[in-house]
Amino acid sequence: VPLGVFWSLILGLVWLHLLEVPDPSVVPHYQAGVVAFGLSAIIELLGEPFWVLAQVHLFVRLKVIAESLSVVSKCILTVTLVILYPHWGLYIFSLAQLLYVSVLVMCYVIYFVVFLGSPEATKKSFPVARVKALLPSFVEDETFVNWKEARLTWSFFKQSFLKQILTEGERYVMTFLNVLNFGDQGVYDIVNNLGSLVARFIFLPIEESFYVFFAKVLERGKTVKDQKQDDVAMAANVLELLLKLVLLIGFTITVFGYAYSQLALDIYGGSMLSSGTGPDLLRCYSLYVLFLAVNGVTECFTFALMCKEEVDRYNFVMLALSFIFLCISYFLTHWYGSVGFILANCFNMGIRIAHSTHYIYHYFRESTHRPLTGLLPSPALLLVYIISAVVTAFSEVLFCCDKGWMARLIHISTGALCLAATLVVMFCTETKLIHFVRSQ
C-alpha cells in the first residue's frame, strides 16, 4: 500500500504535467479523473490480501459474487449519471470506478470478518483466525524479511511488470509517443473493449481458476517423474481439454468475427464506427482473440510449475520481448495506423505461446501424456470452419451493410446456419471435450 501511494502520486504528476492534456472544453474534469483513478488503485490494493487468501483457498463463489456486485454497481451508476448529468464528463467514470473498487473491497472485507472465527472456519482448520492477522505485524521469532520468499516475490514482480508492458504496451506507445490522435485512440478503445469482452468474461476466469488448480495438483519445481503419477495424468488430461476448449472458442470468434465485425459496429455505434478503420480493427482483434485464448491456458500451466530460476530466466526473455514489442508497435502503427497495434500484439502473443508450448512439451516429454494434442482440432471440424469462413465472407460482400435491414437479416441468418453446422460437427467429433464441459 505505501508503494501504491508513492507510485500513484508520481504517475499522477506525470499524467497531469508531463503528458498531453486534452482540451478542457472537449474533455472536462481531466485532472479530477487522474486523481480519482489513482485513489481507486490504492483502495483496490487494500483488498489485495483478502483476494489472495480467497484465491489460495478456492473461494470461487466469493470471487464471483464480489466481482459481479462491483461491476453491476459500476454499470448502474455510469448509466444513471450519463443519462441525468452528461455534462459531468469524466466525473461520471471517476465516481463509477471509485464505487467499483469500494464495493469489491467491502465484499471481501465483510465476508472475512464474518467467516474468520466462525464454526465453519474452525471446522476447515483455516490458517487465519482473526482479521487482525492479515494486517502488517512484526513476529518476534522470525527475521524481519524472509529472504527466500522475498526473492521469489521480486521475481514475480519483475515478471508482472514485463507482462504489463507486453499486455498494455500499445497504450504506453499511444500515450507517450502521440502516434494516434485522441479521436483514433477513442475508436481503438471502443473496438478493444468490445473485442476483449470474451477474453475478460471467459478466458480470464478459466486462466485464474486453473492456475490455482495446476499449482495445487502438481508441485512447483519438480520434474514429471518426481510427481505423483495420478496427479500428472489428471493435470495432463485437464490441460489437453482446456487447450481444445479455448482453441475452439477462439476459432469460432475468428471465423465469424471476420464477416460480422462491420455489422456489429454499425449496430453498436452507427456509421461513425463502421465506416472508418473500426471494422478492420475488430477483424484483426478477432484473430488476436485466438492468440489470447491459447496463450492464457499455456501460460497459466507454465507459471504454476516454474521454479524461481526458471521464472528469472523467463524474465530475461520477456525483457527482450518487451523491447521488441514496443519497437514493432511503433513502426507498425506508422505503417498501418491503429491496426498495427493489434498486429504487434498478435506477434507478442505468438512468441509467448511458442515459449509456453516448448516448456509444456519438455515437461511431459518423459511421460506418456501429450496434452499439446489439444491444439489439434478434428479434420472434419477444421473443414467446417473453412467453409463457414468462405460462406460468411461472401454473405458480407452481398448483403452487408448498406443494403437495408432485410439484407442484414439474410446475412445474420447465413451466419446462424453456419454456426449451427459448426456446433453440430463439434458435438459429434469432440465428445470427450463436451463431456468435460458438462461435468466441469
# chains A, B, ... in the order shown; residues from 1 in each chain; ligands from 1
>>> residues_around(residues="A:Cys300", least_positions_apart="3", cutoff="6 Å", atoms="only C-alpha atoms", output="PDB file with N, CA, C and O atoms, in the first residue's frame")
ATOM      1  N   GLU A 207      -8.345 -18.976 -16.883  1.00  0.00           N
ATOM      2  CA  GLU A 207      -6.903 -18.890 -16.605  1.00  0.00           C
ATOM      3  C   GLU A 207      -6.628 -18.798 -15.103  1.00  0.00           C
ATOM      4  O   GLU A 207      -5.772 -19.513 -14.572  1.00  0.00           O
ATOM      5  N   TYR A 211      -5.025 -21.901 -12.990  1.00  0.00           N
ATOM      6  CA  TYR A 211      -3.681 -21.646 -12.436  1.00  0.00           C
ATOM      7  C   TYR A 211      -3.621 -22.207 -11.017  1.00  0.00           C
ATOM      8  O   TYR A 211      -2.668 -22.909 -10.644  1.00  0.00           O
ATOM      9  N   VAL A 297      -4.141 -20.239 -21.392  1.00  0.00           N
ATOM     10  CA  VAL A 297      -4.078 -21.577 -20.786  1.00  0.00           C
ATOM     11  C   VAL A 297      -2.639 -22.083 -20.717  1.00  0.00           C
ATOM     12  O   VAL A 297      -2.212 -22.643 -19.701  1.00  0.00           O
ATOM     13  N   PHE A 303       3.358 -21.039 -15.612  1.00  0.00           N
ATOM     14  CA  PHE A 303       3.687 -20.253 -14.421  1.00  0.00           C
ATOM     15  C   PHE A 303       3.352 -20.989 -13.127  1.00  0.00           C
ATOM     16  O   PHE A 303       3.929 -20.705 -12.079  1.00  0.00           O
TER      17      PHE A 303
END
>>> residues_around(residues="A:Phe210", least_positions_apart="6", cutoff="12 Å", atoms="only C-alpha atoms", output="list in words")
Gln55, Val56, Leu58, Val60, Phe203, Leu204, Lys216, Val217, Leu218, Ala235, Val238, Leu239, Leu241, Leu242, Leu243, Gly296, Val297, Thr298, Glu299, Cys300, Phe301, Thr302, Phe303, Ala304 and Gln440 of chain A
>>> write_last_selection(atoms="N, CA and C atoms", output="PDB file, in the first residue's frame")
ATOM      1  N   GLN A  55      -8.251 -16.633  -3.269  1.00  0.00           N
ATOM      2  CA  GLN A  55      -7.725 -17.405  -4.405  1.00  0.00           C
ATOM      3  C   GLN A  55      -7.088 -18.711  -3.940  1.00  0.00           C
ATOM      4  N   VAL A  56      -6.243 -18.604  -2.914  1.00  0.00           N
ATOM      5  CA  VAL A  56      -5.490 -19.769  -2.443  1.00  0.00           C
ATOM      6  C   VAL A  56      -6.425 -20.854  -1.915  1.00  0.00           C
ATOM      7  N   LEU A  58      -9.540 -21.291  -2.791  1.00  0.00           N
ATOM      8  CA  LEU A  58     -10.555 -21.630  -3.796  1.00  0.00           C
ATOM      9  C   LEU A  58     -11.962 -21.158  -3.413  1.00  0.00           C
ATOM     10  N   VAL A  60     -14.292 -19.624  -4.808  1.00  0.00           N
ATOM     11  CA  VAL A  60     -14.718 -19.187  -6.139  1.00  0.00           C
ATOM     12  C   VAL A  60     -16.024 -18.398  -6.067  1.00  0.00           C
ATOM     13  N   PHE A 203     -12.065 -16.242 -20.905  1.00  0.00           N
ATOM     14  CA  PHE A 203     -10.686 -16.728 -20.811  1.00  0.00           C
ATOM     15  C   PHE A 203     -10.016 -16.379 -19.485  1.00  0.00           C
ATOM     16  N   LEU A 204     -10.238 -15.164 -18.977  1.00  0.00           N
ATOM     17  CA  LEU A 204      -9.574 -14.758 -17.731  1.00  0.00           C
ATOM     18  C   LEU A 204     -10.010 -15.602 -16.530  1.00  0.00           C
ATOM     19  N   LYS A 216      -2.047 -26.521  -7.266  1.00  0.00           N
ATOM     20  CA  LYS A 216      -2.430 -27.413  -6.172  1.00  0.00           C
ATOM     21  C   LYS A 216      -2.120 -28.879  -6.506  1.00  0.00           C
ATOM     22  N   VAL A 217      -2.366 -29.270  -7.758  1.00  0.00           N
ATOM     23  CA  VAL A 217      -2.222 -30.676  -8.153  1.00  0.00           C
ATOM     24  C   VAL A 217      -0.756 -31.075  -8.300  1.00  0.00           C
ATOM     25  N   LEU A 218       0.052 -30.206  -8.921  1.00  0.00           N
ATOM     26  CA  LEU A 218       1.465 -30.513  -9.161  1.00  0.00           C
ATOM     27  C   LEU A 218       2.347 -29.598  -8.320  1.00  0.00           C
ATOM     28  N   ALA A 235      -3.677 -33.777 -14.404  1.00  0.00           N
ATOM     29  CA  ALA A 235      -3.281 -32.458 -14.893  1.00  0.00           C
ATOM     30  C   ALA A 235      -3.140 -32.456 -16.414  1.00  0.00           C
ATOM     31  N   VAL A 238      -6.667 -32.574 -18.042  1.00  0.00           N
ATOM     32  CA  VAL A 238      -7.352 -31.285 -17.912  1.00  0.00           C
ATOM     33  C   VAL A 238      -6.718 -30.251 -18.842  1.00  0.00           C
ATOM     34  N   LEU A 239      -5.382 -30.228 -18.920  1.00  0.00           N
ATOM     35  CA  LEU A 239      -4.690 -29.274 -19.792  1.00  0.00           C
ATOM     36  C   LEU A 239      -5.056 -29.505 -21.255  1.00  0.00           C
ATOM     37  N   LEU A 241      -7.794 -30.874 -22.519  1.00  0.00           N
ATOM     38  CA  LEU A 241      -9.182 -30.495 -22.782  1.00  0.00           C
ATOM     39  C   LEU A 241      -9.380 -28.977 -22.703  1.00  0.00           C
ATOM     40  N   LEU A 242      -8.651 -28.327 -21.791  1.00  0.00           N
ATOM     41  CA  LEU A 242      -8.721 -26.863 -21.713  1.00  0.00           C
ATOM     42  C   LEU A 242      -8.190 -26.219 -22.986  1.00  0.00           C
ATOM     43  N   LEU A 243      -7.060 -26.730 -23.487  1.00  0.00           N
ATOM     44  CA  LEU A 243      -6.496 -26.208 -24.733  1.00  0.00           C
ATOM     45  C   LEU A 243      -7.477 -26.377 -25.886  1.00  0.00           C
ATOM     46  N   GLY A 296      -3.437 -17.829 -22.765  1.00  0.00           N
ATOM     47  CA  GLY A 296      -3.906 -17.819 -21.379  1.00  0.00           C
ATOM     48  C   GLY A 296      -3.743 -19.165 -20.702  1.00  0.00           C
ATOM     49  N   VAL A 297      -4.141 -20.239 -21.392  1.00  0.00           N
ATOM     50  CA  VAL A 297      -4.078 -21.577 -20.786  1.00  0.00           C
ATOM     51  C   VAL A 297      -2.639 -22.083 -20.717  1.00  0.00           C
ATOM     52  N   THR A 298      -1.866 -21.907 -21.793  1.00  0.00           N
ATOM     53  CA  THR A 298      -0.480 -22.404 -21.780  1.00  0.00           C
ATOM     54  C   THR A 298       0.352 -21.676 -20.722  1.00  0.00           C
ATOM     55  N   GLU A 299       0.152 -20.372 -20.575  1.00  0.00           N
ATOM     56  CA  GLU A 299       0.924 -19.622 -19.572  1.00  0.00           C
ATOM     57  C   GLU A 299       0.472 -19.953 -18.152  1.00  0.00           C
ATOM     58  N   CYS A 300      -0.826 -20.181 -17.956  1.00  0.00           N
ATOM     59  CA  CYS A 300      -1.278 -20.485 -16.581  1.00  0.00           C
ATOM     60  C   CYS A 300      -0.664 -21.801 -16.108  1.00  0.00           C
ATOM     61  N   PHE A 301      -0.517 -22.783 -17.007  1.00  0.00           N
ATOM     62  CA  PHE A 301       0.139 -24.041 -16.630  1.00  0.00           C
ATOM     63  C   PHE A 301       1.636 -23.813 -16.389  1.00  0.00           C
ATOM     64  N   THR A 302       2.268 -23.084 -17.300  1.00  0.00           N
ATOM     65  CA  THR A 302       3.717 -22.848 -17.212  1.00  0.00           C
ATOM     66  C   THR A 302       4.087 -22.116 -15.925  1.00  0.00           C
ATOM     67  N   PHE A 303       3.358 -21.039 -15.612  1.00  0.00           N
ATOM     68  CA  PHE A 303       3.687 -20.253 -14.421  1.00  0.00           C
ATOM     69  C   PHE A 303       3.352 -20.989 -13.127  1.00  0.00           C
ATOM     70  N   ALA A 304       2.407 -21.934 -13.182  1.00  0.00           N
ATOM     71  CA  ALA A 304       2.084 -22.711 -11.990  1.00  0.00           C
ATOM     72  C   ALA A 304       3.172 -23.723 -11.649  1.00  0.00           C
ATOM     73  N   GLN A 440     -17.671 -30.145 -15.755  1.00  0.00           N
ATOM     74  CA  GLN A 440     -16.899 -29.146 -15.017  1.00  0.00           C
ATOM     75  C   GLN A 440     -17.521 -27.745 -15.068  1.00  0.00           C
TER      76      GLN A 440
END
>>> atom_distance(atom1="atom CA of A:Leu245", atom2="atom CA of A:Arg352")
19.2 Å
>>> atom_distance(atom1="atom CA of A:Phe251", atom2="atom CA of A:Leu305")
27.5 Å
>>> atom_distance(atom1="atom CA of A:Val311", atom2="atom CA of A:Gln159")
7.6 Å
>>> decode(residues="stretch 188-209 of chain A", atoms="C-alpha atoms", output="CSV table (one decimal), in the first residue's frame")
chain,number,residue,atom,x,y,z
A,188,TYR,CA,-9.3,1.9,-30.8
A,189,ASP,CA,-10.5,1.8,-27.2
A,190,ILE,CA,-14.1,1.1,-28.2
A,191,VAL,CA,-13.0,-1.8,-30.5
A,192,ASN,CA,-10.5,-3.0,-27.9
A,193,ASN,CA,-13.2,-3.1,-25.2
A,194,LEU,CA,-15.7,-4.9,-27.5
A,195,GLY,CA,-13.1,-7.4,-28.7
A,196,SER,CA,-11.8,-8.1,-25.2
A,197,LEU,CA,-15.2,-9.0,-23.7
A,198,VAL,CA,-14.7,-12.7,-24.4
A,199,ALA,CA,-11.2,-12.6,-23.0
A,200,ARG,CA,-12.4,-10.9,-19.8
A,201,PHE,CA,-15.6,-12.9,-19.2
A,202,ILE,CA,-14.5,-16.4,-20.5
A,203,PHE,CA,-10.7,-16.7,-20.8
A,204,LEU,CA,-9.6,-14.8,-17.7
A,205,PRO,CA,-11.7,-16.7,-15.2
A,206,ILE,CA,-10.5,-20.0,-16.8
A,207,GLU,CA,-6.9,-18.9,-16.6
A,208,GLU,CA,-7.1,-17.7,-13.0
A,209,SER,CA,-9.1,-20.8,-11.7
